[in-house]
Amino acid sequence: MSGIKAFQELGFGFVEIGPIVLNEPKNQIKPRRENSHILFSNHQEKVPLKLAIKKLTRLNIRIPVFAKIDAQVKRNEWDIIVQHLTPFVDAFVGTSEQIIPYVEESLICLEHSFYVSFSADEMNEKKSEIGTLIQHTSIGGIVIEAPRRIEGSYWREVANANECLAKLVKQVKDLHPKLMIITSGGVETPEEACALVGAGADLLMLTDGYVKAGPGLPKRIHERLLYEKVQPIKNPNWYWSFLFGLSILVGGIIALYIAFTSIVLPYDESFIGLSKADIFQINPLILSFMSHDRIALAGTMISGGILYIQLARHGIKYNMHWARIAFHSAAIVGFLGIFLFIGFGYFDWLHGLFWLFLLPIYYFSFREGKRVTGTPSSIHGKNDKEWQYGLYGQLMFITLGFLILAGGIVISTIGASKVFVPTDLSFLCMSSQMLDRISNNLIPLIAHDRAGFGSALVSVGLLVLMLSLWGFREGEQWVWNTLAAGALPAFIAGIGTHIYIGYTTFIHLLPVYFLVILYVFGLALSYPFLKRK
């Protein structure tokens with residue numbers, strides 16, 4: 001029961017606990033792996049009643065809880081377990097031998113439903129009894145367990161468990177169309193879950209297949225089932241979001257042009273009291289250093305613009321709620337970054353005007369995004385090699401996004417505090433005190449560039465992180481294209497500008513080199529999965 005709290009965040013609609021016993025048995029053997037199979041002991045682990053109540057009272061569980069009572073529990077113990085668990089669970093699961101006498105002898109209306117559990121072999125023998133069984137008002141339905149294979153003192157699901165289970169479900173559903181059928185096991189892939197639902201299963205319980213496929217299986221099953229029901233609906237209102245991204249892209253190109261040509265603008269010169277020529281005469285490396293910060297900022301803006309545009313064109317346009325969240329989370333953080341610009345008392349008028357220009361565009365983008373509430377669907381239903389490679393590729397990009405985000409926070413903090421790292425001062429061949437003596441406002445000007453660059457990195461990091469977390473699905477070619485094209489400007493600007501000005505200290509560029517490695521491996525590993533047609 002240790003993972004019950006986490007399960008409700010992973011796409012499960014309900015959870016089964018158990019098997020419940022009154023007292024903890026002395027002999028309990030944990031499951032073990034053998035090749036690709038998970039073997040369960042005939043003396044498997046069980047949950048004592050006291051432990052179950054202790055866990056259920058402590059946890060804030062927002063999904064229904066079914067309590068499975070161990071098949072060996074006798075009538076007197078059954079009564080005690082049901083009585084004590086009733087306030088904490090929503091339904092009980094047990095054998096027909098346990099449930100039928102209990103519901104028949106109960107003189108009062110029972111508070112919870114009871115689900116009768118059958119093994120696959122029992123179903124073949126007791127199909128005729130189900131009609132009588134479901135006449136009891138307290139019987140909510142039946143649970144059909146996947147067929148098992150005995151191996152000594154252990155058992156495991158048979159190789160064709162899903163196929164056998166689907167046949168049984170269909171046979172029972174044909175006989176009793178209104179009967180609630182829950183399956184237990186027999187599911188390792190979304191396709192297998194789809195097969196059971198297609199056969200007539202109302203609810204599915206995952207067992208060892210969940211361990212094999214990983215914690216994303218419930219989400220993948222939901223998306224696969226959703227694909228059968230609805231197709232993505234185009235949202236006609238996405239143009240303002242597209243325009244927002246386009247504006248940032250154009251702004252980045254303009255900033256890149258300025259960084260390569262004039263570097264400093266007239267109001268920069270007025271603020272520090274020195275012209276570009278004066279700075280060049282004092283130390284030409286100062287201009288090179290300022291150029292490298294501004295080129296890096298411009299490259300990051302271009303990358304951010306591409307990511308925003310793609311989220312608008314392929315996410316918000318198709319009513320994807322996750323794309324809306326990613327878009328606006330990063331945009332709001334980007335807007336807040338303007339306050340970092342004035343951390344050292346310098347306000348960049350061009351940035352301020354650009355901020356004011358973007359504000360109304362973003363307002364209309366935010367308004368149109370309120371109607372974006374769609375849930376993603378996916379046709380992917382297999383645990384094949386492409387999917388496995390895709391998981392590794394996704395991990396690379398999640399790590400990439402997180403590190404860009406962390407790097408942006410670090411750079412913003414440095415820009416708003418000490419401004420320089422030791423390698424910066426080594427490149428400039430000057431100390432902070434020497435720079436301050438040149439002009440009291442020179443360091444605030446450089447700090448403004450640093451903080452702005454850090455803020456842009458935070459936004460881009462959030463975009464990459466959320467796109468990687470929520471956008472990876474089979475055949476989503478636009479996600480691969482977005483990550484491939486979106487990261488390039490920032491990497492080219494980040495590494496290229498250092499080479500351009502001769503600031504190539506290895507330790508300084510090491511984080512960027514590591515990010516590039518993650519980027520390349522992420523693209524290579526996710527290509528077969530995301531680009532599959």
# chains A, B, ... in the order shown; residues from 1 in each chain; ligands from 1
>>> residues_around(residues="Leu525 of chain A", least_positions_apart="3", cutoff="12 Å", atoms="only C-alpha atoms", output="list in words")
Lys385, Glu386, Trp387, Gln388, Tyr389, Gly390, Leu391, Tyr392, Gly393, Gln394, Leu395, Met396, Phe397, Trp480, Leu518, Tyr519, Val520, Phe521, Gly522, Pro528, Phe529, Leu530 and Lys531 of chain A
>>> residues_around(residues="Ser365 of chain A", least_positions_apart="6", cutoff="10 Å", atoms="only C-alpha atoms", output="PyMOL selection string")
chain A and resi 237-244+312+324+327-328+359
>>> write_last_selection(atoms="C-alpha atoms", output="PDB file, in the first residue's frame")
ATOM      1  CA  ASN A 237      -8.793  30.923 -32.159  1.00  0.00           C
ATOM      2  CA  TRP A 238      -5.041  30.415 -32.158  1.00  0.00           C
ATOM      3  CA  TYR A 239      -3.822  33.332 -34.250  1.00  0.00           C
ATOM      4  CA  TRP A 240      -2.981  35.642 -31.370  1.00  0.00           C
ATOM      5  CA  SER A 241      -0.840  32.916 -29.820  1.00  0.00           C
ATOM      6  CA  PHE A 242       0.897  32.449 -33.164  1.00  0.00           C
ATOM      7  CA  LEU A 243       1.421  36.224 -33.441  1.00  0.00           C
ATOM      8  CA  PHE A 244       2.913  36.285 -29.942  1.00  0.00           C
ATOM      9  CA  ALA A 312       0.204  27.591 -31.207  1.00  0.00           C
ATOM     10  CA  ARG A 324      -1.969  25.990 -23.545  1.00  0.00           C
ATOM     11  CA  PHE A 327       2.587  28.253 -23.613  1.00  0.00           C
ATOM     12  CA  HIS A 328       1.204  30.536 -20.922  1.00  0.00           C
ATOM     13  CA  LEU A 359       1.386  42.790 -23.669  1.00  0.00           C
TER      14      LEU A 359
END
>>> select_by_dssp(residues="segment 30-97 of chain A", states="alpha helix (DSSP H)", output="number ranges by chain")
A: 49-58, 75-85, 96-97
>>> closest_residue(among="A:Arg473, A:Phe289, A:Leu353, A:Asn441", to="Phe420 of chain A", atoms="only C-alpha atoms")
A:Phe289
>>> closest_residue(among="A:Thr504, A:Asn319, A:Gly245, A:Ser288", to="Ala331 of chain A", atoms="only C-alpha atoms")
A:Gly245
>>> residues_around(residues="Trp478 of chain A", least_positions_apart="5", cutoff="10 Å", atoms="only C-alpha atoms", output="list in words")
Gln310, Leu311, Arg313, His314, Gly315, Gly471, Leu483, Ala484, Leu530 and Lys531 of chain A
>>> residues_around(residues="Ile332 of chain A", least_positions_apart="5", cutoff="12 Å", atoms="only C-alpha atoms", output="ChimeraX atom specification")
/A:325-327,337-338,355,358-359,362-363,365-366,455-456,458-460,462-463
>>> write_last_selection(atoms="C-alpha atoms", output="mmCIF file, in the first residue's frame")
data_model
loop_
_atom_site.group_PDB
_atom_site.id
_atom_site.type_symbol
_atom_site.label_atom_id
_atom_site.label_comp_id
_atom_site.auth_asym_id
_atom_site.auth_seq_id
_atom_site.Cartn_x
_atom_site.Cartn_y
_atom_site.Cartn_z
ATOM 1 C CA ILE A 325 -0.513 25.421 -20.062
ATOM 2 C CA ALA A 326 3.030 25.148 -21.445
ATOM 3 C CA PHE A 327 2.587 28.253 -23.613
ATOM 4 C CA GLY A 337 11.665 38.708 -16.227
ATOM 5 C CA ILE A 338 11.525 42.434 -17.019
ATOM 6 C CA TRP A 355 7.285 44.410 -23.515
ATOM 7 C CA LEU A 358 3.765 42.179 -26.575
ATOM 8 C CA LEU A 359 1.386 42.790 -23.669
ATOM 9 C CA TYR A 362 -0.500 38.227 -25.060
ATOM 10 C CA TYR A 363 -3.750 39.446 -23.498
ATOM 11 C CA SER A 365 -3.713 35.131 -26.722
ATOM 12 C CA PHE A 366 -4.607 34.371 -23.121
ATOM 13 C CA SER A 455 15.089 35.167 -17.827
ATOM 14 C CA ALA A 456 14.801 34.125 -21.487
ATOM 15 C CA VAL A 458 14.028 30.138 -17.885
ATOM 16 C CA SER A 459 11.135 30.568 -20.333
ATOM 17 C CA VAL A 460 12.749 28.381 -22.993
ATOM 18 C CA LEU A 462 10.031 25.628 -19.254
ATOM 19 C CA LEU A 463 8.856 25.245 -22.852
#
>>> closest_residue(among="A:Ser303, A:Asn440, A:Ser431, A:Gln8", to="Ala490 of chain A", atoms="only C-alpha atoms")
A:Ser303
>>> residues_around(residues="Ala201 of chain A", least_positions_apart="2", cutoff="6 Å", atoms="only C-alpha atoms", output="NGL selection string")
:A and (181-182 or 196-197 or 203)
>>> write_last_selection(atoms="N, CA and C atoms", output="compact mmCIF listing (two decimals), in the first residue's frame")
# COMPACT_ATOMS: atom_id res chain seq x y z
N ILE A 181 -18.53 -5.72 -15.50
CA ILE A 181 -17.41 -6.66 -15.57
C ILE A 181 -16.10 -5.91 -15.36
N ILE A 182 -15.33 -6.35 -14.38
CA ILE A 182 -13.99 -5.81 -14.12
C ILE A 182 -12.98 -6.91 -14.41
N LEU A 196 -9.83 -5.55 -24.37
CA LEU A 196 -10.73 -5.92 -23.29
C LEU A 196 -11.96 -5.00 -23.24
N VAL A 197 -11.72 -3.71 -23.41
CA VAL A 197 -12.85 -2.76 -23.42
C VAL A 197 -13.76 -3.06 -24.62
N LEU A 203 -14.37 -1.98 -16.40
CA LEU A 203 -13.21 -1.45 -15.69
C LEU A 203 -12.06 -2.44 -15.82
>>> closest_residue(among="A:Val158, A:Val82, A:Ala296, A:Leu274", to="Ile99 of chain A", atoms="only C-alpha atoms")
A:Val82
>>> atom_distance(atom1="atom CA of Ala487 of chain A", atom2="atom CA of Val372 of chain A")
26.1 Å
>>> atom_distance(atom1="atom CA of Ala447 of chain A", atom2="atom CA of Ser247 of chain A")
24.6 Å
>>> select_by_dssp(residues="segment 134-189 of chain A", states="strand (DSSP E or B)", output="list in words")
Ile139, Gly140, Gly141, Ile142, Val143, Ile144, Glu145, Arg148, Arg149, Ile150, Glu151, Tyr154, Trp155, Arg156, Glu157, Ile181, Ile182, Thr183 and Ser184 of chain A
>>> residues_around(residues="Tyr267 of chain A", least_positions_apart="6", cutoff="12 Å", atoms="only C-alpha atoms", output="list in words")
Gly273, Leu274, Ser275, Lys276, Tyr346, Phe347, Asp348, Trp349, Leu350, His351 and Leu445 of chain A
>>> write_last_selection(atoms="N, CA and C atoms", output="PDB file, in the first residue's frame")
ATOM      1  N   GLY A 273      27.665  57.027 -19.931  1.00  0.00           N
ATOM      2  CA  GLY A 273      28.478  58.225 -20.126  1.00  0.00           C
ATOM      3  C   GLY A 273      29.693  58.001 -21.003  1.00  0.00           C
ATOM      4  N   LEU A 274      29.680  56.968 -21.805  1.00  0.00           N
ATOM      5  CA  LEU A 274      30.798  56.647 -22.702  1.00  0.00           C
ATOM      6  C   LEU A 274      30.238  56.230 -24.057  1.00  0.00           C
ATOM      7  N   SER A 275      30.957  56.593 -25.106  1.00  0.00           N
ATOM      8  CA  SER A 275      30.551  56.154 -26.435  1.00  0.00           C
ATOM      9  C   SER A 275      31.160  54.786 -26.728  1.00  0.00           C
ATOM     10  N   LYS A 276      30.700  54.188 -27.802  1.00  0.00           N
ATOM     11  CA  LYS A 276      31.251  52.903 -28.222  1.00  0.00           C
ATOM     12  C   LYS A 276      32.745  53.025 -28.487  1.00  0.00           C
ATOM     13  N   TYR A 346      18.985  49.811 -13.958  1.00  0.00           N
ATOM     14  CA  TYR A 346      18.991  50.201 -15.366  1.00  0.00           C
ATOM     15  C   TYR A 346      17.756  49.646 -16.062  1.00  0.00           C
ATOM     16  N   PHE A 347      17.002  50.535 -16.699  1.00  0.00           N
ATOM     17  CA  PHE A 347      15.821  50.116 -17.449  1.00  0.00           C
ATOM     18  C   PHE A 347      16.089  50.318 -18.931  1.00  0.00           C
ATOM     19  N   ASP A 348      16.002  49.236 -19.682  1.00  0.00           N
ATOM     20  CA  ASP A 348      16.242  49.262 -21.126  1.00  0.00           C
ATOM     21  C   ASP A 348      14.952  49.693 -21.825  1.00  0.00           C
ATOM     22  N   TRP A 349      14.984  50.871 -22.438  1.00  0.00           N
ATOM     23  CA  TRP A 349      13.765  51.414 -23.044  1.00  0.00           C
ATOM     24  C   TRP A 349      13.291  50.563 -24.222  1.00  0.00           C
ATOM     25  N   LEU A 350      14.218  50.013 -24.984  1.00  0.00           N
ATOM     26  CA  LEU A 350      13.821  49.180 -26.122  1.00  0.00           C
ATOM     27  C   LEU A 350      13.119  47.910 -25.631  1.00  0.00           C
ATOM     28  N   HIS A 351      13.686  47.308 -24.581  1.00  0.00           N
ATOM     29  CA  HIS A 351      13.031  46.135 -23.996  1.00  0.00           C
ATOM     30  C   HIS A 351      11.673  46.504 -23.410  1.00  0.00           C
ATOM     31  N   LEU A 445      24.740  47.966 -16.645  1.00  0.00           N
ATOM     32  CA  LEU A 445      24.369  47.703 -18.036  1.00  0.00           C
ATOM     33  C   LEU A 445      24.629  46.242 -18.397  1.00  0.00           C
TER      34      LEU A 445
END
>>> residues_around(residues="Glu97 of chain A", least_positions_apart="2", cutoff="10 Å", atoms="only C-alpha atoms", output="CSV table (one decimal) with N, CA and C atoms, in the first residue's frame")
chain,number,residue,atom,x,y,z
A,71,ALA,N,-8.9,-14.9,-0.3
A,71,ALA,CA,-9.8,-16.0,-0.5
A,71,ALA,C,-9.9,-17.0,0.6
A,74,LYS,N,-12.2,-16.8,6.5
A,74,LYS,CA,-13.4,-17.5,6.8
A,74,LYS,C,-14.5,-16.5,7.2
A,75,ARG,N,-15.7,-17.0,7.4
A,75,ARG,CA,-16.9,-16.2,7.6
A,75,ARG,C,-16.8,-15.3,8.8
A,94,GLY,N,-14.4,-10.3,-3.3
A,94,GLY,CA,-14.2,-11.6,-2.7
A,94,GLY,C,-14.7,-12.7,-3.5
A,95,THR,N,-14.6,-13.9,-3.0
A,95,THR,CA,-15.1,-15.1,-3.8
A,95,THR,C,-16.6,-15.2,-3.6
A,99,ILE,N,-19.0,-14.0,-0.4
A,99,ILE,CA,-20.0,-12.9,-0.6
A,99,ILE,C,-21.5,-13.4,-0.5
A,100,ILE,N,-21.8,-14.4,-1.2
A,100,ILE,CA,-23.2,-14.8,-1.3
A,100,ILE,C,-23.8,-15.1,0.0
A,101,PRO,N,-23.3,-15.9,0.9
A,101,PRO,CA,-23.9,-16.1,2.3
A,101,PRO,C,-24.0,-14.8,3.0
A,102,TYR,N,-23.0,-13.9,2.9
A,102,TYR,CA,-23.0,-12.6,3.6
A,102,TYR,C,-24.2,-11.7,3.2
A,116,VAL,N,-17.9,-10.1,-7.1
A,116,VAL,CA,-17.5,-11.5,-6.9
A,116,VAL,C,-16.4,-11.8,-7.9
>>> closest_residue(among="A:Lys26, A:Arg32, A:Lys68, A:Lys219", to="Phe12 of chain A", atoms="only C-alpha atoms")
A:Lys219
